[in-house]
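target_11.txt follows; it contains compact mmCIF, C-alpha atoms.
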```
# COMPACT_ATOMS: atom_id res chain seq x y z
CA MET A 6 144.31 180.97 110.70
CA LYS A 7 145.69 177.42 110.83
CA LEU A 8 142.44 176.18 112.32
CA ALA A 9 140.39 177.77 109.58
CA ALA A 10 142.62 176.24 106.91
CA ALA A 11 142.39 172.83 108.56
CA THR A 12 138.60 173.11 108.79
CA ALA A 13 138.37 174.11 105.16
CA ALA A 14 140.64 171.22 104.14
CA ALA A 15 138.57 168.79 106.20
CA ALA A 16 135.34 170.09 104.67
CA LEU A 17 136.82 169.74 101.21
CA ALA A 18 137.93 166.20 101.95
CA MET A 19 134.49 165.31 103.29
CA THR A 20 132.84 166.73 100.17
CA GLY A 21 135.20 164.73 98.00
CA LEU A 22 134.56 161.56 99.97
CA ALA A 23 130.79 162.02 99.73
CA GLY A 24 131.08 161.39 96.02
CA CYS A 25 132.65 158.00 96.67
CA GLY A 26 129.54 156.87 98.58
CA GLU A 27 127.18 157.51 95.69
CA SER A 28 125.73 154.37 94.26
CA SER A 29 125.18 153.91 90.57
CA GLN A 30 121.74 155.00 89.42
CA VAL A 31 121.97 153.26 86.09
CA THR A 32 120.14 149.94 85.96
CA VAL A 33 121.99 147.18 84.20
CA TYR A 34 119.66 144.60 82.73
CA LYS A 35 120.69 141.03 82.20
CA GLN A 36 118.96 139.87 79.04
CA GLY A 37 116.44 137.10 79.56
CA GLN A 38 116.66 136.94 83.34
CA TYR A 39 114.07 138.05 85.86
CA GLN A 40 115.24 141.35 87.28
CA GLY A 41 112.67 141.91 90.02
CA LYS A 42 112.39 141.05 93.67
CA PRO A 43 112.38 137.41 94.76
CA ASP A 44 109.04 135.90 95.74
CA SER A 45 108.31 133.37 98.46
CA ARG A 46 106.61 130.01 97.90
CA PRO A 47 102.91 129.70 98.75
CA TRP A 48 103.58 127.19 101.53
CA GLU A 49 106.01 129.59 103.19
CA SER A 50 103.10 131.81 104.22
CA GLU A 51 101.82 132.25 107.76
CA SER A 52 99.01 129.78 107.12
CA PHE A 53 101.32 126.85 106.34
CA LYS A 54 104.68 127.87 107.81
CA GLY A 55 106.75 125.89 105.32
CA ASP A 56 104.55 122.78 105.41
CA ARG A 57 104.62 121.95 101.72
CA ALA A 58 102.83 118.63 102.11
CA GLY A 59 100.03 120.32 104.05
CA TRP A 60 99.68 122.99 101.41
CA GLU A 61 99.57 120.44 98.60
CA LYS A 62 96.95 118.46 100.50
CA ALA A 63 94.80 121.59 100.94
CA ILE A 64 95.13 122.48 97.25
CA LYS A 65 94.33 118.92 96.18
CA ALA A 66 91.20 118.91 98.32
CA ARG A 67 90.10 122.19 96.72
CA ASN A 68 90.96 120.83 93.28
CA ASN A 69 88.82 117.75 93.76
CA GLY A 70 86.05 119.87 95.25
CA GLN A 71 85.47 121.21 91.75
CA ASN A 72 84.37 117.77 90.58
CA GLU A 73 80.67 117.56 91.27
CA TYR A 74 80.57 113.94 90.06
CA SER A 75 82.52 112.96 93.17
CA ARG A 76 79.75 114.42 95.33
CA THR A 77 76.99 112.29 93.85
CA VAL A 78 76.28 108.73 95.02
CA SER A 79 76.28 107.11 91.59
CA ASN A 80 79.55 108.35 90.15
CA MET B 22 102.38 119.01 91.93
CA ALA B 23 101.94 119.85 88.28
CA ARG B 24 101.41 123.25 86.79
CA MET B 25 98.46 125.44 87.69
CA LYS B 26 96.06 126.02 84.80
CA PHE B 27 92.59 127.31 83.99
CA LEU B 28 90.13 125.38 81.86
CA CYS B 29 86.77 126.74 80.70
CA ASP B 30 84.04 124.41 79.50
CA ALA B 31 82.08 126.28 76.82
CA GLU B 32 79.25 123.72 77.10
CA ARG B 33 78.65 124.82 80.67
CA CYS B 34 79.40 128.54 80.71
CA ILE B 35 76.14 130.49 80.95
CA GLU B 36 77.73 133.95 80.67
CA CYS B 37 76.69 134.90 84.19
CA ASN B 38 79.92 136.86 84.72
CA GLY B 39 80.17 135.47 88.24
CA CYS B 40 83.89 134.83 87.66
CA VAL B 41 84.44 138.44 86.57
CA THR B 42 82.60 139.73 89.63
CA ALA B 43 84.43 137.36 91.96
CA CYS B 44 87.79 138.54 90.59
CA LYS B 45 86.88 142.22 90.76
CA ASN B 46 85.65 141.85 94.31
CA GLU B 47 88.47 139.64 95.58
CA HIS B 48 91.25 141.94 94.41
CA GLU B 49 89.39 145.27 94.49
CA ILE B 50 90.24 145.89 90.84
CA PRO B 51 89.69 149.48 89.66
CA TRP B 52 87.41 150.55 86.82
CA GLY B 53 88.85 149.91 83.39
CA VAL B 54 90.89 146.90 84.43
CA ASN B 55 89.43 143.48 83.66
CA ARG B 56 91.69 140.67 84.74
CA ARG B 57 88.99 138.24 83.65
CA ARG B 58 86.14 138.62 81.20
CA VAL B 59 83.55 136.46 79.47
CA VAL B 60 83.65 136.29 75.68
CA THR B 61 80.54 135.14 73.82
CA LEU B 62 80.46 133.92 70.23
CA ASN B 63 77.26 134.31 68.20
CA ASP B 64 75.72 136.30 71.03
CA GLY B 65 71.94 136.20 71.00
CA LEU B 66 71.73 133.44 68.40
CA PRO B 67 70.69 129.88 69.17
CA GLY B 68 73.73 127.84 70.13
CA GLU B 69 75.80 130.78 71.35
CA LYS B 70 78.94 129.81 73.22
CA SER B 71 80.64 131.66 76.06
CA ILE B 72 84.06 131.25 77.53
CA SER B 73 85.74 132.93 80.47
CA VAL B 74 89.17 134.33 79.58
CA ALA B 75 92.06 135.64 81.66
CA CYS B 76 95.80 135.07 81.78
CA MET B 77 96.28 131.40 80.88
CA HIS B 78 99.65 131.22 82.64
CA CYS B 79 101.30 129.88 79.48
CA SER B 80 104.01 127.27 79.79
CA ASP B 81 106.08 129.28 77.30
CA ALA B 82 104.67 132.74 77.96
CA PRO B 83 105.13 135.29 75.14
CA CYS B 84 104.78 138.18 77.60
CA MET B 85 107.89 136.95 79.39
CA ALA B 86 109.73 136.73 76.10
CA VAL B 87 108.99 140.28 74.95
CA CYS B 88 109.26 142.22 78.23
CA PRO B 89 112.13 144.71 77.75
CA VAL B 90 112.80 145.00 81.49
CA ASP B 91 112.32 141.27 82.29
CA CYS B 92 109.83 141.89 85.05
CA PHE B 93 108.06 138.52 84.57
CA TYR B 94 108.80 135.33 86.42
CA LYS B 95 107.22 131.93 86.68
CA THR B 96 106.67 130.28 90.05
CA SER B 97 107.40 126.61 90.71
CA GLU B 98 103.64 126.02 90.36
CA GLY B 99 103.69 127.42 86.82
CA VAL B 100 102.00 130.72 87.64
CA VAL B 101 103.23 133.66 85.52
CA LEU B 102 103.67 136.75 87.71
CA HIS B 103 105.40 140.09 87.35
CA ASP B 104 107.09 142.74 89.48
CA LYS B 105 105.14 146.01 89.26
CA ASP B 106 108.06 147.96 90.69
CA LEU B 107 110.01 147.10 87.58
CA CYS B 108 107.23 147.33 84.98
CA ILE B 109 107.46 150.43 82.79
CA GLY B 110 103.97 150.05 81.30
CA CYS B 111 105.27 149.86 77.72
CA GLY B 112 102.49 147.52 76.58
CA TYR B 113 104.67 145.01 74.68
CA CYS B 114 103.16 142.20 76.72
CA PHE B 115 99.68 143.29 75.65
CA TYR B 116 100.65 142.96 71.98
CA ALA B 117 102.32 139.61 72.56
CA CYS B 118 99.52 138.03 74.60
CA PRO B 119 97.07 135.97 72.49
CA PHE B 120 94.41 136.29 75.22
CA GLY B 121 94.49 140.04 75.83
CA ALA B 122 95.32 139.37 79.46
CA PRO B 123 97.60 142.32 80.32
CA GLN B 124 95.59 145.34 81.44
CA PHE B 125 96.72 148.92 81.85
CA PRO B 126 94.96 151.24 84.27
CA GLN B 127 94.32 154.77 83.04
CA ASP B 128 96.44 156.62 85.54
CA GLY B 129 96.25 160.40 85.88
CA ALA B 130 95.74 163.05 83.24
CA PHE B 131 95.66 162.53 79.45
CA GLY B 132 94.99 158.81 79.83
CA LEU B 133 98.48 158.16 81.12
CA ARG B 134 99.09 154.42 81.09
CA GLY B 135 99.90 152.85 84.42
CA LYS B 136 101.81 149.69 85.23
CA MET B 137 100.52 146.46 83.78
CA ASP B 138 97.98 144.48 85.78
CA LYS B 139 96.87 140.93 85.09
CA CYS B 140 95.45 137.77 86.60
CA THR B 141 97.84 136.39 89.22
CA PHE B 142 96.05 133.04 89.64
CA CYS B 143 95.28 134.56 93.05
CA ALA B 144 98.96 134.11 93.92
CA GLY B 145 99.87 137.72 94.71
CA GLY B 146 103.30 138.92 93.68
CA PRO B 147 106.86 139.53 94.86
CA GLU B 148 105.93 141.09 98.20
CA ALA B 149 105.52 139.51 101.63
CA ASP B 150 102.64 137.02 101.49
CA ASN B 151 99.27 138.52 102.47
CA SER B 152 100.85 141.90 103.27
CA SER B 153 99.06 145.17 102.54
CA ALA B 154 101.72 146.01 99.92
CA GLU B 155 101.01 142.76 98.11
CA PHE B 156 97.26 143.33 98.23
CA LYS B 157 97.57 146.88 96.97
CA LYS B 158 99.77 145.96 94.01
CA TYR B 159 98.64 142.45 93.08
CA GLY B 160 95.48 141.62 95.00
CA ARG B 161 94.80 138.84 97.44
CA ASN B 162 97.09 135.83 97.70
CA ARG B 163 94.66 132.94 98.02
CA LEU B 164 97.16 130.32 96.91
CA SER B 165 99.26 130.93 100.01
CA GLU B 166 96.10 130.34 102.07
CA GLY B 167 95.67 126.93 100.44
CA LYS B 168 92.82 128.14 98.23
CA LEU B 169 92.31 128.17 94.47
CA PRO B 170 91.46 131.27 92.39
CA ALA B 171 88.20 132.92 93.43
CA CYS B 172 86.81 132.92 89.86
CA ALA B 173 87.01 129.12 89.53
CA GLU B 174 85.82 128.40 93.03
CA MET B 175 82.91 130.82 92.57
CA CYS B 176 81.75 129.41 89.21
CA SER B 177 78.19 128.19 89.73
CA THR B 178 78.11 125.70 86.85
CA LYS B 179 81.74 124.68 87.34
CA ALA B 180 82.41 125.67 83.74
CA LEU B 181 85.58 127.35 84.86
CA LEU B 182 88.04 124.99 86.49
CA GLY B 183 91.31 126.14 87.99
CA GLY B 184 94.12 124.31 89.70
CA ASP B 185 96.57 121.48 89.15
CA ALA B 186 96.46 120.80 85.39
CA ASP B 187 96.41 117.02 85.80
CA VAL B 188 93.48 117.12 88.20
CA ILE B 189 91.33 119.54 86.23
CA ALA B 190 92.07 117.67 83.00
CA ASP B 191 90.85 114.51 84.75
CA ILE B 192 87.68 116.27 85.91
CA TYR B 193 87.03 117.59 82.40
CA ARG B 194 87.77 114.25 80.74
CA ASN B 195 85.40 112.43 83.06
CA ARG B 196 82.74 115.06 82.49
CA VAL B 197 82.94 114.95 78.70
CA LEU B 198 82.91 111.15 78.57
CA LYS B 199 79.91 111.06 80.91
CA ARG B 200 77.88 113.52 78.91
CA GLY B 201 78.74 111.63 75.75
CA LYS B 202 79.46 114.71 73.67
CA GLY B 203 82.68 116.52 72.89
CA ALA B 204 85.16 113.64 72.84
CA GLU B 205 84.72 113.23 69.08
CA VAL B 206 86.43 116.54 68.31
CA TRP B 207 89.80 116.72 66.61
CA GLY B 208 92.69 116.67 69.07
CA TRP B 209 90.72 115.23 71.98
CA GLY B 210 93.02 112.25 72.48
CA THR B 211 96.09 114.47 72.35
CA ALA B 212 94.74 117.02 74.79
CA TYR B 213 92.85 114.88 77.28
CA GLY B 214 93.91 111.29 76.73
CA LYS B 215 95.97 110.15 79.68
CA PRO B 216 99.59 109.52 78.67
CA GLU B 217 99.65 106.03 80.22
CA LYS B 218 96.11 105.15 79.19
CA PRO B 219 94.76 107.30 76.35
CA ALA B 220 91.03 107.96 76.54
CA THR B 221 89.24 105.79 74.03
CA PRO B 222 87.67 108.12 71.53
CA PRO B 223 84.24 107.10 70.32
CA ALA B 224 83.71 105.63 66.85
CA GLY B 225 84.23 108.24 64.15
CA ALA B 226 86.71 110.31 66.13
CA LYS B 227 89.27 112.14 64.06
CA SER B 228 92.22 112.14 66.47
```

Could you show the structure in this file as structure tokens?
Amino acid sequence: MKLAAATAAAALAMTGLAGCGESSQVTVYKQGQYQGKPDSRPWESESFKGDRAGWEKAIKARNNGQNEYSRTVSN
Amino acid sequence: MARMKFLCDAERCIECNGCVTACKNEHEIPWGVNRRRVVTLNDGLPGEKSISVACMHCSDAPCMAVCPVDCFYKTSEGVVLHDKDLCIGCGYCFYACPFGAPQFPQDGAFGLRGKMDKCTFCAGGPEADNSSAEFKKYGRNRLSEGKLPACAEMCSTKALLGGDADVIADIYRNRVLKRGKGAEVWGWGTAYGKPEKPATPPAGAKS
């Protein structure tokens, strides 16, 4: 009898405690601030591994590749 | 590095839609979503002008200002991106955007509107770079591979330029001065004159 009462009390306590672990499901927005996930920088990718200067050099080369005047002899 | 921008030269655009195709193919964009499109004025008439339009990655982006869930962010390179996990597909950004850039896929029955999709300047989104999750939600991340947007790099006449604003402005300035036409328009000096050495507008210029 005592065991059953203790088990019931323990079960009740566990049920009560389960409610404490519930996280809030209501989103709180901060006005004017980005609320999403953080993003990495382009040079932090596998291709550049944090080499910002290398990334900027690659982008600059691509940028200048769009100028067909630089490809001709008489600029 | 300055801010990333697009620039379309209407004198060169031949309305081939190569940029649209490149974008669709690069990111595997579904039907009904056009991150980039070509707009033609006076279509079919002599002197028609075409321009390729997508998200212009505004310095002061109105989409960011109106988003009720603040899902937009701007990267250090000036690219305007958004978190699709947060987007509720309300369409406010579409009304705010002067370029019609935000697109909404028809998702499911009764034309249910999906989460907003737009040009990412080929910079992906807030997922691990070049991951399958990033590709599925935002398309390919070319910027992290050291490449510029596919539309600009694919443009056959180089009407569409994309990249560091200072560099593409230099390319455009040089081009216009060389062809001897276009620099006489109002606002030229303000838009394309170098701050330290303003481009000399030809005689009769209004700016």

Using all atoms listed in the file, find each residue of chain B with at least one atom at most 6 Å away from an atom of chain A; report its shortest atom-to-atom pair and that distance in Å (one decimal), sort the rows by chain and rising residue number, and return the result as a tab-separated table.
```
residue	atom	partner	partner_atom	distance
B:Asp91	CA	A:Tyr39	CA	5.1
B:Cys92	CA	A:Gly41	CA	5.7
B:Tyr94	CA	A:Tyr39	CA	6.0
B:Asp104	CA	A:Gly41	CA	5.7
B:Pro147	CA	A:Asp44	CA	4.3
B:Asp150	CA	A:Ser50	CA	5.9
B:Ser165	CA	A:Pro47	CA	4.1
B:Glu166	CA	A:Ser52	CA	5.9
B:Gly167	CA	A:Ala63	CA	5.4
B:Gly184	CA	A:Asn68	CA	5.9
B:Ile192	CA	A:Asn72	CA	5.9
```

Taken to one decimal, the atom CA of B:Ala130-atom CA of B:Gly146 distance is 27.4 Å

Selection near B:Met22, 10 Å with only C-alpha atoms, sequence-local residues under 5 positions removed, as a PyMOL selection string | (chain A and resi 61+64-65) or (chain B and resi 97-99+185-188)

Distance in Å - atom CA of B:Pro170 versus atom CA of B:Cys143 =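 If I compute the distance from atom CA of B:Pro170 to atom CA of B:Cys143, I get 5.1 Å.
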
Spatial neighbours of B:Thr61, 8 Å, all atoms listed in the file, chain gap at least 4 places, as an mmCIF file with C-alpha atoms, in the frame of the given file:
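Written output follows (out_0.cif):
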```cif
data_model
loop_
_atom_site.group_PDB
_atom_site.id
_atom_site.type_symbol
_atom_site.label_atom_id
_atom_site.label_comp_id
_atom_site.auth_asym_id
_atom_site.auth_seq_id
_atom_site.Cartn_x
_atom_site.Cartn_y
_atom_site.Cartn_z
ATOM 1 C CA GLU B 36 77.730 133.950 80.670
ATOM 2 C CA GLU B 69 75.800 130.780 71.350
ATOM 3 C CA LYS B 70 78.940 129.810 73.220
ATOM 4 C CA SER B 71 80.640 131.660 76.060
ATOM 5 C CA ILE B 72 84.060 131.250 77.530
#
```

Spatial neighbours of B:Val60, 12 Å, only C-alpha atoms, chain gap at least 5 places, as an NGL selection string = :B and (29 or 31 or 34-38 or 41 or 69-75 or 120-121)

Would you work out the distance separating atom CA of B:Asp64 from atom CA of B:Glu32, expressed in Å to one decimal?
->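 So the two atoms, atom CA of B:Asp64 and atom CA of B:Glu32, lie 14.4 Å apart.
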
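Every protein or nucleic acid residue with an atom no more than 10 Å from B:Lys95, counting only C-alpha atoms and leaving out same-chain residues fewer than 4 positions away, appears here: A:Tyr39, B:His78, B:Cys79, B:Ser80, B:Asp81, B:Ala82, B:Met85, B:Gly99, B:Val100, B:Val101, B:Leu102, B:His103.
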
Might you pull out every residue within 7 Å of stretch 109-117 of chain B, with only C-alpha atoms counted and same-chain residues fewer than 6 positions away left off, and present them as a ChimeraX atom specification?
-> /B:83-84,87-88,123,134-137
